[in-house]
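Q: Following this line is start_34.txt, made up of compact mmCIF, C-alpha atoms and all ligand atoms:
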```txt
# COMPACT_ATOMS: atom_id res chain seq x y z
CA MET A 11 17.46 -22.90 6.25
CA LYS A 12 15.49 -20.95 8.82
CA PHE A 13 12.92 -22.35 11.21
CA ASN A 14 11.77 -19.20 12.87
CA ILE A 15 10.56 -16.57 10.44
CA LYS A 16 9.85 -13.11 11.84
CA SER A 17 7.67 -10.69 9.90
CA SER A 18 9.81 -7.76 11.01
CA ALA A 19 12.82 -9.26 9.24
CA LEU A 20 11.12 -9.91 5.90
CA SER A 21 12.74 -8.26 2.93
CA GLY A 22 10.87 -5.70 0.87
CA ARG A 23 12.96 -4.89 -2.15
CA LYS A 24 14.61 -8.30 -2.50
CA ALA A 25 11.27 -10.11 -2.39
CA HIS A 26 9.87 -7.63 -4.90
CA ILE A 27 12.72 -8.32 -7.34
CA TRP A 28 12.42 -12.11 -7.00
CA GLN A 29 8.69 -11.86 -7.52
CA ARG A 30 9.29 -10.06 -10.81
CA ILE A 31 12.09 -12.39 -11.96
CA SER A 32 10.05 -15.52 -11.25
CA ALA A 33 6.95 -14.08 -12.91
CA ILE A 34 8.84 -13.24 -16.09
CA TYR A 35 10.58 -16.61 -16.19
CA LEU A 36 7.31 -18.49 -15.74
CA LEU A 37 5.70 -16.36 -18.42
CA PHE A 38 8.22 -17.78 -20.91
CA TYR A 39 8.36 -21.25 -19.43
CA ALA A 40 4.58 -21.86 -19.62
CA PRO A 41 4.35 -21.80 -23.44
CA PHE A 42 7.54 -23.91 -23.62
CA LEU A 43 5.88 -26.47 -21.35
CA ALA A 44 2.75 -26.38 -23.48
CA ILE A 45 4.78 -27.08 -26.64
CA VAL A 46 6.62 -29.98 -25.01
CA ILE A 47 3.34 -31.49 -23.86
CA THR A 48 1.94 -31.38 -27.37
CA GLN A 49 5.05 -33.24 -28.62
CA LEU A 50 4.54 -36.14 -26.22
CA PRO A 51 2.52 -39.23 -27.06
CA ASP A 52 -0.12 -40.31 -24.49
CA SER A 53 1.66 -42.09 -21.69
CA VAL A 54 0.42 -44.28 -18.94
CA SER A 55 3.03 -43.82 -16.25
CA LEU A 56 5.41 -41.20 -14.93
CA LYS A 57 8.43 -43.44 -15.64
CA LEU A 58 7.35 -43.86 -19.22
CA LEU A 59 6.76 -40.13 -19.49
CA ALA A 60 10.27 -39.47 -18.22
CA TYR A 61 11.68 -41.92 -20.73
CA GLN A 62 9.74 -40.28 -23.57
CA LEU A 63 10.89 -36.86 -22.43
CA ASN A 64 14.48 -38.04 -22.62
CA THR A 65 14.04 -38.99 -26.26
CA LEU A 66 12.97 -35.49 -27.26
CA PRO A 67 15.67 -33.49 -29.10
CA PHE A 68 15.69 -30.69 -26.51
CA SER A 69 15.23 -32.88 -23.46
CA THR A 70 18.19 -31.60 -21.42
CA LEU A 71 17.15 -28.01 -21.99
CA PHE A 72 13.63 -28.90 -20.95
CA GLU A 73 14.72 -30.70 -17.81
CA VAL A 74 16.94 -27.89 -16.65
CA ALA A 75 14.29 -25.30 -17.50
CA SER A 76 11.72 -27.30 -15.56
CA LEU A 77 13.89 -27.61 -12.49
CA VAL A 78 14.47 -23.86 -12.51
CA ALA A 79 10.72 -23.36 -13.00
CA VAL A 80 9.94 -25.49 -9.95
CA LEU A 81 12.39 -23.46 -7.86
CA LEU A 82 10.93 -20.19 -9.10
CA VAL A 83 7.34 -21.33 -8.53
CA LEU A 84 8.34 -21.96 -4.92
CA VAL A 85 9.98 -18.53 -4.68
CA HIS A 86 6.95 -16.85 -6.25
CA ALA A 87 4.59 -18.71 -3.94
CA TRP A 88 6.72 -17.79 -0.92
CA VAL A 89 6.53 -14.06 -1.59
CA GLY A 90 2.86 -14.07 -2.63
CA VAL A 91 1.47 -16.08 0.25
CA ARG A 92 3.90 -14.47 2.71
CA ASP A 93 2.33 -11.09 1.83
CA ILE A 94 -1.16 -12.49 2.29
CA ILE A 95 -0.18 -13.90 5.67
CA ILE A 96 1.25 -10.61 6.94
CA ASP A 97 -1.87 -8.81 5.72
CA TYR A 98 -4.57 -11.12 7.00
CA VAL A 99 -3.34 -13.27 9.86
CA PRO A 100 -3.80 -11.74 13.34
CA ARG A 101 -0.59 -10.01 14.40
CA LYS A 102 0.26 -12.46 17.21
CA LYS A 103 0.10 -15.49 14.94
CA VAL A 104 1.93 -14.08 11.91
CA ASN A 105 5.37 -15.44 12.79
CA LEU A 106 3.97 -18.90 13.51
CA TRP A 107 2.13 -19.03 10.18
CA LEU A 108 5.14 -17.73 8.28
CA THR A 109 7.32 -20.42 9.85
CA LEU A 110 4.78 -23.17 9.09
CA TYR A 111 4.37 -22.02 5.51
CA HIS A 112 8.11 -21.71 5.02
CA SER A 113 8.59 -25.27 6.28
CA VAL A 114 5.93 -26.60 3.90
CA LEU A 115 7.71 -24.97 0.96
CA ILE A 116 11.04 -26.44 2.06
CA LEU A 117 9.41 -29.90 2.18
CA LEU A 118 7.95 -29.35 -1.29
CA LEU A 119 11.38 -28.31 -2.53
CA LEU A 120 13.05 -31.46 -1.13
CA ASN A 121 10.26 -33.54 -2.57
CA SER A 122 10.62 -32.01 -6.05
CA ILE A 123 14.36 -32.64 -6.01
CA MET A 124 13.74 -36.26 -5.05
CA ILE A 125 11.19 -36.76 -7.81
CA ALA A 126 13.54 -35.19 -10.34
CA PHE A 127 16.32 -37.59 -9.27
CA ASN A 128 14.04 -40.58 -9.44
CA LEU A 129 12.79 -39.71 -12.89
CA PHE A 130 15.89 -38.39 -14.58
CA GLY A 131 18.72 -39.52 -12.35
CA TYR A 132 19.50 -42.52 -14.50
CA ALA A 133 19.93 -40.45 -17.66
CA MET B 29 -31.93 18.21 2.30
CA LYS B 30 -31.33 15.28 4.65
CA PHE B 31 -28.12 14.67 6.58
CA ILE B 32 -27.28 11.45 8.38
CA ILE B 33 -24.39 12.24 10.68
CA SER B 34 -22.40 9.77 12.73
CA ARG B 35 -22.40 10.95 16.34
CA TYR B 36 -20.15 9.87 19.15
CA ASN B 37 -19.40 11.45 22.46
CA PRO B 38 -16.84 9.41 24.42
CA GLU B 39 -18.28 10.66 27.70
CA SER B 40 -21.81 9.41 27.13
CA ASP B 41 -21.86 6.92 24.21
CA GLN B 42 -20.64 3.34 24.07
CA THR B 43 -20.54 3.29 20.26
CA PRO B 44 -21.16 5.77 17.46
CA PHE B 45 -24.77 6.10 16.23
CA ASP B 46 -26.44 7.87 13.31
CA GLN B 47 -28.51 10.99 13.80
CA THR B 48 -30.69 12.48 11.06
CA PHE B 49 -30.95 16.21 10.43
CA GLU B 50 -33.06 18.17 7.97
CA LEU B 51 -31.83 21.40 6.41
CA ASP B 52 -34.17 23.82 4.63
CA ASP B 53 -33.07 24.07 0.98
CA ALA B 54 -33.92 27.79 1.07
CA LEU B 55 -30.89 28.33 3.31
CA LEU B 56 -28.56 26.97 0.64
CA SER B 57 -27.55 28.30 -2.74
CA ALA B 58 -26.39 26.54 -5.90
CA ASP B 59 -22.75 26.96 -4.99
CA SER B 60 -22.97 26.03 -1.31
CA MET B 61 -20.31 23.70 -0.06
CA LEU B 62 -20.80 20.85 2.37
CA LEU B 63 -18.95 22.82 5.04
CA ASP B 64 -21.52 25.65 4.71
CA ALA B 65 -24.26 23.12 5.42
CA LEU B 66 -22.36 21.82 8.45
CA HIS B 67 -22.08 25.35 9.85
CA LEU B 68 -25.88 25.74 9.44
CA LEU B 69 -26.49 22.37 11.08
CA ARG B 70 -24.34 23.41 14.00
CA GLU B 71 -26.72 26.33 14.52
CA GLN B 72 -29.47 23.72 14.95
CA ASP B 73 -27.37 21.53 17.22
CA PRO B 74 -24.26 23.22 18.66
CA SER B 75 -22.94 19.88 19.89
CA ILE B 76 -22.03 18.57 16.38
CA ALA B 77 -18.24 18.29 16.30
CA TYR B 78 -16.09 18.62 13.18
CA ARG B 79 -12.82 20.32 12.30
CA SER B 80 -12.34 23.10 9.79
CA SER B 81 -10.08 26.07 9.41
CA CYS B 82 -9.14 27.64 6.08
CA GLN B 83 -12.47 26.80 4.38
CA GLU B 84 -10.80 26.70 0.99
CA GLY B 85 -9.04 23.36 0.63
CA VAL B 86 -5.65 24.47 1.91
CA CYS B 87 -5.31 23.44 5.55
CA GLY B 88 -6.51 19.85 5.27
CA SER B 89 -8.37 19.84 8.58
CA ASP B 90 -11.89 18.91 7.45
CA GLY B 91 -11.44 15.47 5.95
CA MET B 92 -14.54 13.31 6.42
CA ASN B 93 -16.28 10.39 4.82
CA VAL B 94 -19.08 11.73 2.63
CA ASN B 95 -21.52 9.22 1.14
CA GLY B 96 -18.80 6.58 1.46
CA LYS B 97 -15.91 8.60 0.02
CA ASN B 98 -13.23 10.53 1.88
CA ARG B 99 -13.35 14.21 1.00
CA LEU B 100 -12.76 17.73 2.28
CA SER B 101 -16.11 19.27 3.22
CA CYS B 102 -15.03 22.81 2.27
CA VAL B 103 -14.35 21.98 -1.38
CA THR B 104 -17.17 19.48 -1.85
CA SER B 105 -20.13 21.08 -3.55
CA LEU B 106 -23.54 20.10 -2.16
CA SER B 107 -24.91 19.93 -5.68
CA GLU B 108 -22.89 16.79 -6.43
CA LEU B 109 -24.07 14.90 -3.37
CA GLY B 110 -27.78 14.16 -3.84
CA GLN B 111 -30.65 14.79 -1.43
CA THR B 112 -29.45 12.49 1.38
CA ILE B 113 -25.91 12.99 2.62
CA THR B 114 -24.25 10.55 4.98
CA LEU B 115 -21.32 11.89 6.98
CA ARG B 116 -18.92 9.73 8.94
CA PRO B 117 -15.49 10.35 10.42
CA LEU B 118 -12.53 9.29 8.27
CA PRO B 119 -12.37 5.50 8.73
CA GLY B 120 -9.65 3.48 10.44
CA LEU B 121 -8.43 5.84 13.15
CA PRO B 122 -9.89 6.35 16.64
CA ILE B 123 -12.80 8.77 16.91
CA ILE B 124 -12.39 11.65 19.35
CA LYS B 125 -15.90 13.06 18.89
CA ASP B 126 -18.46 12.88 16.05
CA LEU B 127 -16.50 13.63 12.85
CA ILE B 128 -13.18 14.33 14.58
CA ILE B 129 -10.57 11.59 14.54
CA ASP B 130 -7.32 11.11 16.39
CA MET B 131 -4.59 11.42 13.75
CA THR B 132 -1.66 10.64 16.04
CA LEU B 133 -0.67 7.47 14.14
CA PHE B 134 -0.97 9.28 10.83
CA TYR B 135 1.42 12.00 11.99
CA LYS B 136 3.72 9.43 13.54
CA GLN B 137 4.12 7.71 10.19
CA TYR B 138 4.73 11.07 8.54
CA LYS B 139 7.40 11.97 11.06
CA ALA B 140 9.04 8.58 10.60
CA VAL B 141 9.91 9.26 6.94
CA LYS B 142 11.86 12.40 7.98
CA PRO B 143 9.87 14.81 5.81
CA TYR B 144 12.52 17.49 5.65
CA LEU B 145 15.52 18.21 3.49
CA GLU B 146 18.83 16.86 4.69
CA SER B 147 21.40 18.75 2.70
CA ILE B 148 25.02 19.82 2.80
CA PRO B 149 25.67 22.71 5.22
CA LEU B 150 24.13 25.76 3.62
CA ASP B 151 25.89 28.92 2.61
CA LEU B 152 23.35 31.47 3.80
CA GLU B 153 24.52 34.03 1.26
CA HIS B 154 23.29 31.97 -1.66
CA GLU B 155 20.17 30.12 -2.71
CA HIS B 156 20.34 26.36 -2.84
CA LEU B 157 19.70 25.98 -6.55
CA GLN B 158 18.07 23.28 -8.61
CA THR B 159 17.73 23.05 -12.38
CA PRO B 160 14.16 23.38 -13.68
CA ALA B 161 14.25 19.65 -14.49
CA GLU B 162 15.31 18.74 -10.94
CA ARG B 163 12.61 20.99 -9.54
CA ALA B 164 9.99 19.46 -11.83
CA LYS B 165 10.53 16.08 -10.15
CA LEU B 166 8.92 17.45 -6.99
CA ASP B 167 5.67 18.30 -8.77
CA GLY B 168 2.81 16.13 -7.61
CA ALA B 169 4.64 15.29 -4.39
CA TYR B 170 4.98 18.55 -2.48
CA GLU B 171 1.37 19.77 -2.75
CA CYS B 172 0.03 17.37 -0.10
CA ILE B 173 -1.94 19.16 2.63
CA MET B 174 -1.88 16.23 5.09
CA CYS B 175 -5.64 15.87 5.22
CA GLY B 176 -5.41 12.11 5.67
CA CYS B 177 -8.15 11.31 3.12
CA CYS B 178 -5.76 8.93 1.35
CA SER B 179 -4.29 6.99 4.28
CA THR B 180 -7.71 6.52 5.90
CA SER B 181 -9.04 5.00 2.68
CA CYS B 182 -6.14 2.57 2.39
CA PRO B 183 -6.85 -1.03 3.49
CA SER B 184 -3.18 -1.65 4.24
CA PHE B 185 -3.22 1.36 6.55
CA TRP B 186 -6.51 0.32 8.20
CA TRP B 187 -5.03 -3.03 9.09
CA ASN B 188 -1.61 -1.90 10.29
CA PRO B 189 -1.48 1.86 10.85
CA ASP B 190 1.43 1.34 13.23
CA GLN B 191 3.55 -0.57 10.65
CA PHE B 192 2.56 0.57 7.18
CA ALA B 193 3.63 4.15 6.47
CA GLY B 194 0.50 4.86 4.43
CA PRO B 195 0.16 6.81 1.19
CA ALA B 196 0.53 10.31 2.64
CA ALA B 197 3.80 9.50 4.41
CA LEU B 198 5.14 7.58 1.41
CA LEU B 199 4.28 10.44 -0.91
CA ALA B 200 6.29 12.70 1.39
CA ALA B 201 9.09 10.14 1.47
CA LYS B 202 9.21 10.12 -2.31
CA ARG B 203 9.31 13.93 -2.38
CA PHE B 204 12.60 13.91 -0.47
CA VAL B 205 14.02 10.81 -2.13
CA VAL B 206 13.86 12.53 -5.53
CA ASP B 207 15.05 15.94 -4.30
CA SER B 208 18.40 16.68 -5.95
CA ARG B 209 19.55 18.63 -2.89
CA ASP B 210 19.00 15.82 -0.40
CA ILE B 211 22.18 13.96 0.58
CA LYS B 212 20.48 11.10 2.45
CA HIS B 213 19.07 9.46 -0.67
CA ILE B 214 20.43 5.97 0.04
CA ASP B 215 19.78 6.11 3.80
CA ARG B 216 16.19 7.06 3.12
CA LEU B 217 15.75 4.18 0.70
CA LYS B 218 17.28 1.72 3.16
CA GLU B 219 14.90 2.81 5.89
CA LEU B 220 11.92 2.41 3.60
CA ASP B 221 12.98 -1.05 2.43
CA SER B 222 10.79 -3.43 4.40
CA ALA B 223 7.97 -5.84 3.66
CA THR B 224 5.78 -4.13 6.22
CA THR B 225 6.29 -0.48 5.28
CA THR B 226 6.65 0.59 1.64
CA PHE B 227 6.16 -2.84 0.15
CA ARG B 228 2.88 -3.35 1.93
CA CYS B 229 1.25 -1.06 -0.63
CA ARG B 230 -0.78 -3.33 -2.92
CA HIS B 231 -1.61 -0.58 -5.42
CA ILE B 232 -5.35 -0.77 -4.93
CA GLN B 233 -5.32 3.00 -5.57
CA ASN B 234 -7.98 3.92 -3.03
CA CYS B 235 -5.58 6.66 -2.00
CA THR B 236 -5.41 8.20 -5.46
CA ASP B 237 -9.17 8.01 -5.79
CA ALA B 238 -9.61 9.80 -2.45
CA CYS B 239 -7.06 12.61 -2.71
CA PRO B 240 -8.93 15.94 -2.87
CA LYS B 241 -5.84 17.66 -4.26
CA GLY B 242 -5.72 15.31 -7.26
CA LEU B 243 -2.39 13.80 -6.24
CA ASN B 244 -1.42 10.23 -7.04
CA PRO B 245 0.21 8.58 -4.00
CA SER B 246 -0.14 5.12 -5.52
CA ARG B 247 2.03 6.08 -8.49
CA ALA B 248 4.50 7.80 -6.17
CA ILE B 249 4.85 4.56 -4.19
CA GLN B 250 5.35 2.63 -7.41
CA GLU B 251 8.13 5.05 -8.33
CA LEU B 252 9.62 4.74 -4.87
CA LYS B 253 9.77 0.96 -5.30
CA SER B 254 11.44 1.31 -8.71
CA ILE B 255 13.99 3.74 -7.30
CA MET B 256 14.77 1.24 -4.55
CA VAL B 257 15.29 -1.53 -7.09
CA LYS B 258 17.61 0.69 -9.13
CA ASP B 259 19.57 2.59 -6.48
CA LEU B 260 19.94 0.20 -3.55
S1 LIG C 301 -2.35 2.11 -3.56
FE1 LIG C 301 -1.15 1.50 -1.77
S2 LIG C 301 -1.17 3.25 -0.43
FE2 LIG C 301 -2.80 3.56 -1.96
S3 LIG C 301 -4.65 2.77 -1.01
FE3 LIG C 301 -3.73 1.11 -2.14
S4 LIG C 301 -2.41 -0.01 -0.71
FE4 LIG C 301 -2.90 2.00 0.16
S1 LIG C 302 -1.93 12.90 -0.62
FE1 LIG C 302 -3.87 13.95 -0.95
S2 LIG C 302 -5.34 12.81 0.32
FE2 LIG C 302 -3.31 12.27 1.02
S3 LIG C 302 -2.92 13.62 2.74
FE3 LIG C 302 -2.03 14.57 0.90
S4 LIG C 302 -3.61 15.90 0.12
FE4 LIG C 302 -4.61 14.54 1.57
S1 LIG C 303 -11.18 23.77 6.00
FE1 LIG C 303 -9.11 23.80 5.34
S2 LIG C 303 -9.08 22.26 3.85
FE2 LIG C 303 -11.17 22.37 4.35
```
With the file now loaded, output its structure as structure tokens.
A:
Amino acid sequence: MKFNIKSSALSGRKAHIWQRISAIYLLFYAPFLAIVITQLPDSVSLKLLAYQLNTLPFSTLFEVASLVAVLLVLVHAWVGVRDIIIDYVPRKKVNLWLTLYHSVLILLLLNSIMIAFNLFGYA
Amino acid sequence: MKFIISRYNPESDQTPFDQTFELDDALLSADSMLLDALHLLREQDPSIAYRSSCQEGVCGSDGMNVNGKNRLSCVTSLSELGQTITLRPLPGLPIIKDLIIDMTLFYKQYKAVKPYLESIPLDLEHEHLQTPAERAKLDGAYECIMCGCCSTSCPSFWWNPDQFAGPAALLAAKRFVVDSRDIKHIDRLKELDSATTTFRCRHIQNCTDACPKGLNPSRAIQELKSIMVKDL
């Protein structure tokens, strides 16, 4: 984990490839998510939703696919917003903004992992 | 015919300003080019500064912004421009005087992509051959006349002309990356692989729209990116 991101060290090709991979994955995941949602009865709480998800026939597949989707959304967002930052933020502040943004994404990642554990950890 | 020309003399002006000129239509013919009109205007006012040399779209010295679009004045027909013509220097680079810009950064970016063949030591007795198919890969990439119309219409280049190579330099880079005789293929790709140089192209295609030679730098950059993904 890095806490000081420098624009001069940002990857070009690698970021480009990850951007493509995540886009394609999410393209397939989105309809899958839509189908799963239509299969679920109305639920009132997240815990109940998690329980109902676990009763679906393809629940494990869905959970794994969702976790990967969350990771790839973060990757996709990193590359996309990173490019906007290096284009639009004044040169002197770019590294600061990149570092801040990177830290926010890391927090979001930790948070998602925690939520996933809370919801599905017991299964 | 009315001309609104952006004037700037670093010795006397703080900022550029517009000056209006009238040109008698009788002096022009149906096939007059914009550069012909500029020559006539300079007879009116010898202080108007612009570059030109070959006068036939080969040297690339007379790029300027004409009614909002970057073009070469010598191959731009007056008949397609309407009755009022607004001339500005190519945008994004420092102005030296009137329509003349300082292209130092543009050339620096060009130089940085090493726009020359790096091959095995040559046997001077023989030609360095390519198959017709290998040679065909250079089409659309070697015809660039370095006029700068593309790079000075590129937002990524406006913002960071010192970091982003710009369409003209990247087109040249692609020309040598795909040359079968070049032995620095991988080294070239590695040098171009950065978020702030090649990958800063967002494919807005202003460059392709501007190129007076009908080249397509945006597609060349796209190809360059694909080659990097495949070969690196
Ligand atoms: S396609 Fe790329 S190089 Fe061409 S104008 Fe757009 S950003 Fe610039
Ligand atoms: S690619 Fe076209 S617009 Fe750009 S420098 Fe070459 S000739 Fe001029
Ligand atoms: S004067 Fe040479 S290209 Fe126009």
Q: Please report, as JSON lines, each residue of chain A lying at most 7 Å from chain B, together with the nearest pair of atoms and the separation in Å rounded to one decimal; use all atoms listed in the file, and order rows by chain and ascending residue number.
A:
```
{"residue": "A:Leu20", "atom": "CA", "partner": "B:Ala223", "partner_atom": "CA", "distance": 5.6}
{"residue": "A:Ser21", "atom": "CA", "partner": "B:Ala223", "partner_atom": "CA", "distance": 5.4}
{"residue": "A:Gly22", "atom": "CA", "partner": "B:Ala223", "partner_atom": "CA", "distance": 4.0}
{"residue": "A:Arg23", "atom": "CA", "partner": "B:Asp221", "partner_atom": "CA", "distance": 6.0}
```
Q: Select, from B:Arg163, B:Lys139, B:Arg79, B:Lys30, the residue with the minimum atom-to-atom distance to Thr114 in chain B, counting only C-alpha atoms.
A: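 Nearest to Thr114 in chain B: B:Lys30.
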Q: Using all atoms listed in the file, which of the listed residues (B:His213, B:Lys202, B:His231, B:Arg116) sits closest to ligand LIG 301 (chain C)?
A: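 Once distances to ligand LIG 301 (chain C) are computed over all atoms listed in the file, the minimum belongs to B:His231.
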Q: Mind running chain B against ligand LIG 302 (chain C) at 8 Å and telling me each contacting residue's nearest atom pair with the distance in Å (one decimal), counting only C-alpha atoms and all ligand atoms, chain and number ascending, as a Markdown table?
A:
```
| residue | atom | partner | partner_atom | distance |
| --- | --- | --- | --- | --- |
| B:Gly88 | CA | C:LIG302 | FE4 | 6.7 |
| B:Ala169 | CA | C:LIG302 | S1 | 7.9 |
| B:Glu171 | CA | C:LIG302 | S4 | 6.9 |
| B:Cys172 | CA | C:LIG302 | FE3 | 3.6 |
| B:Ile173 | CA | C:LIG302 | S4 | 4.4 |
| B:Met174 | CA | C:LIG302 | S3 | 3.7 |
| B:Cys175 | CA | C:LIG302 | FE4 | 4.0 |
| B:Gly176 | CA | C:LIG302 | S3 | 4.1 |
| B:Cys177 | CA | C:LIG302 | S2 | 4.2 |
| B:Cys178 | CA | C:LIG302 | S2 | 4.0 |
| B:Ser179 | CA | C:LIG302 | FE2 | 6.3 |
| B:Pro195 | CA | C:LIG302 | FE2 | 6.5 |
| B:Ala196 | CA | C:LIG302 | FE2 | 4.6 |
| B:Leu199 | CA | C:LIG302 | S1 | 6.7 |
| B:Cys235 | CA | C:LIG302 | S2 | 6.6 |
| B:Thr236 | CA | C:LIG302 | S2 | 7.4 |
| B:Ala238 | CA | C:LIG302 | S2 | 5.9 |
| B:Cys239 | CA | C:LIG302 | S2 | 3.5 |
| B:Pro240 | CA | C:LIG302 | S2 | 5.7 |
| B:Lys241 | CA | C:LIG302 | S4 | 5.2 |
| B:Gly242 | CA | C:LIG302 | FE1 | 6.7 |
| B:Leu243 | CA | C:LIG302 | FE1 | 5.5 |
| B:Asn244 | CA | C:LIG302 | S1 | 7.0 |
| B:Pro245 | CA | C:LIG302 | S1 | 5.9 |
```
Q: I'd like the neighbourhood of range 103-105 of chain A as a PyMOL selection string, where a residue qualifies if any of its atoms comes within 12 Å (using only C-alpha atoms), though same-chain residues fewer than 6 positions away should be ignored.
A: chain A and resi 13-20+91-97+111-112
Q: List all protein, DNA and RNA residues that have any atom at most 7 Å from ligand LIG 303 (chain C), counting only C-alpha atoms and all ligand atoms, and write the list as a ChimeraX atom specification.
A: /B:80-90,100-103
Q: Let me have the centre and edge lengths in Å, one decimal, of the box along x, y and z around every listed atom of ligand LIG 301 (chain C) with 8 Å of margin on each side, as JSON.
A:
```
{"center_x": -2.9, "center_y": 1.8, "center_z": -1.7, "size_x": 19.5, "size_y": 19.6, "size_z": 19.7}
```
Q: For range 34-37 of chain B, work out the shell of residues within 10 Å, counting only C-alpha atoms and skipping chain neighbours fewer than 6 positions away, then give it as a ChimeraX atom specification.
A: /B:43-48,75-77,114-117,123-128
Q: Find the distance between CA of Pro38 in chain B and CA of Asp73 in chain B and write it in Å to one decimal.
A: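 Distance reported for this atom pair: 17.6 Å.
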Q: Which residue, B:Tyr144, B:Tyr170, B:Phe192, B:Phe31, has the smallest gap to ligand LIG 301 (chain C) when you use only C-alpha atoms and all ligand atoms?
A: B:Phe192
Q: CA of Val114 in chain A and CA of Ala40 in chain A, how far apart in Å?
A: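 Going from CA of Ala40 in chain A over to CA of Val114 in chain A, I get 24.0 Å.
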Q: Pick from B:Leu106, B:Gln72, B:Leu252, B:Met61: nearest to Ala200 in chain B, with all atoms listed in the file counted?
A: B:Leu252
Q: Return range 45-50 of chain B, completed with all heavy atoms, as a PDB file, in the frame of the given file.
A:
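Generated file (out_30.pdb):
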```pdb
ATOM      1  N   PHE B  45     -23.415   6.368  16.762  1.00  0.00           N
ATOM      2  CA  PHE B  45     -24.770   6.100  16.230  1.00  0.00           C
ATOM      3  C   PHE B  45     -25.086   7.185  15.215  1.00  0.00           C
ATOM      4  O   PHE B  45     -24.441   8.243  15.180  1.00  0.00           O
ATOM      5  CB  PHE B  45     -25.794   6.113  17.377  1.00  0.00           C
ATOM      6  CG  PHE B  45     -25.906   7.435  18.076  1.00  0.00           C
ATOM      7  CD1 PHE B  45     -26.877   8.356  17.697  1.00  0.00           C
ATOM      8  CD2 PHE B  45     -25.014   7.783  19.097  1.00  0.00           C
ATOM      9  CE1 PHE B  45     -26.957   9.598  18.329  1.00  0.00           C
ATOM     10  CE2 PHE B  45     -25.096   9.020  19.728  1.00  0.00           C
ATOM     11  CZ  PHE B  45     -26.066   9.930  19.343  1.00  0.00           C
ATOM     12  N   ASP B  46     -26.067   6.903  14.355  1.00  0.00           N
ATOM     13  CA  ASP B  46     -26.440   7.870  13.310  1.00  0.00           C
ATOM     14  C   ASP B  46     -27.558   8.775  13.792  1.00  0.00           C
ATOM     15  O   ASP B  46     -28.503   8.321  14.428  1.00  0.00           O
ATOM     16  CB  ASP B  46     -26.909   7.129  12.060  1.00  0.00           C
ATOM     17  CG  ASP B  46     -25.744   6.479  11.327  1.00  0.00           C
ATOM     18  OD1 ASP B  46     -24.590   6.838  11.635  1.00  0.00           O
ATOM     19  OD2 ASP B  46     -25.993   5.622  10.466  1.00  0.00           O
ATOM     20  N   GLN B  47     -27.436  10.056  13.475  1.00  0.00           N
ATOM     21  CA  GLN B  47     -28.510  10.990  13.800  1.00  0.00           C
ATOM     22  C   GLN B  47     -28.900  11.711  12.506  1.00  0.00           C
ATOM     23  O   GLN B  47     -28.030  12.105  11.723  1.00  0.00           O
ATOM     24  CB  GLN B  47     -28.028  11.995  14.849  1.00  0.00           C
ATOM     25  CG  GLN B  47     -29.175  12.794  15.433  1.00  0.00           C
ATOM     26  CD  GLN B  47     -28.696  13.745  16.532  1.00  0.00           C
ATOM     27  OE1 GLN B  47     -27.520  13.730  16.924  1.00  0.00           O
ATOM     28  NE2 GLN B  47     -29.608  14.562  17.019  1.00  0.00           N
ATOM     29  N   THR B  48     -30.221  11.865  12.311  1.00  0.00           N
ATOM     30  CA  THR B  48     -30.690  12.480  11.060  1.00  0.00           C
ATOM     31  C   THR B  48     -31.057  13.941  11.295  1.00  0.00           C
ATOM     32  O   THR B  48     -31.691  14.281  12.301  1.00  0.00           O
ATOM     33  CB  THR B  48     -31.902  11.700  10.528  1.00  0.00           C
ATOM     34  OG1 THR B  48     -31.528  10.332  10.410  1.00  0.00           O
ATOM     35  CG2 THR B  48     -32.306  12.218   9.155  1.00  0.00           C
ATOM     36  N   PHE B  49     -30.636  14.784  10.381  1.00  0.00           N
ATOM     37  CA  PHE B  49     -30.950  16.210  10.430  1.00  0.00           C
ATOM     38  C   PHE B  49     -31.575  16.627   9.110  1.00  0.00           C
ATOM     39  O   PHE B  49     -31.253  16.070   8.074  1.00  0.00           O
ATOM     40  CB  PHE B  49     -29.672  17.052  10.635  1.00  0.00           C
ATOM     41  CG  PHE B  49     -28.976  16.820  11.948  1.00  0.00           C
ATOM     42  CD1 PHE B  49     -28.053  15.798  12.074  1.00  0.00           C
ATOM     43  CD2 PHE B  49     -29.249  17.617  13.041  1.00  0.00           C
ATOM     44  CE1 PHE B  49     -27.401  15.575  13.270  1.00  0.00           C
ATOM     45  CE2 PHE B  49     -28.600  17.413  14.256  1.00  0.00           C
ATOM     46  CZ  PHE B  49     -27.678  16.396  14.373  1.00  0.00           C
ATOM     47  N   GLU B  50     -32.491  17.605   9.194  1.00  0.00           N
ATOM     48  CA  GLU B  50     -33.060  18.170   7.970  1.00  0.00           C
ATOM     49  C   GLU B  50     -32.574  19.613   7.852  1.00  0.00           C
ATOM     50  O   GLU B  50     -32.484  20.320   8.847  1.00  0.00           O
ATOM     51  CB  GLU B  50     -34.600  18.186   8.037  1.00  0.00           C
ATOM     52  CG  GLU B  50     -35.253  16.822   7.948  1.00  0.00           C
ATOM     53  CD  GLU B  50     -35.220  16.237   6.536  1.00  0.00           C
ATOM     54  OE1 GLU B  50     -34.973  17.014   5.574  1.00  0.00           O
ATOM     55  OE2 GLU B  50     -35.428  15.010   6.405  1.00  0.00           O
TER      56      GLU B  50
END
```
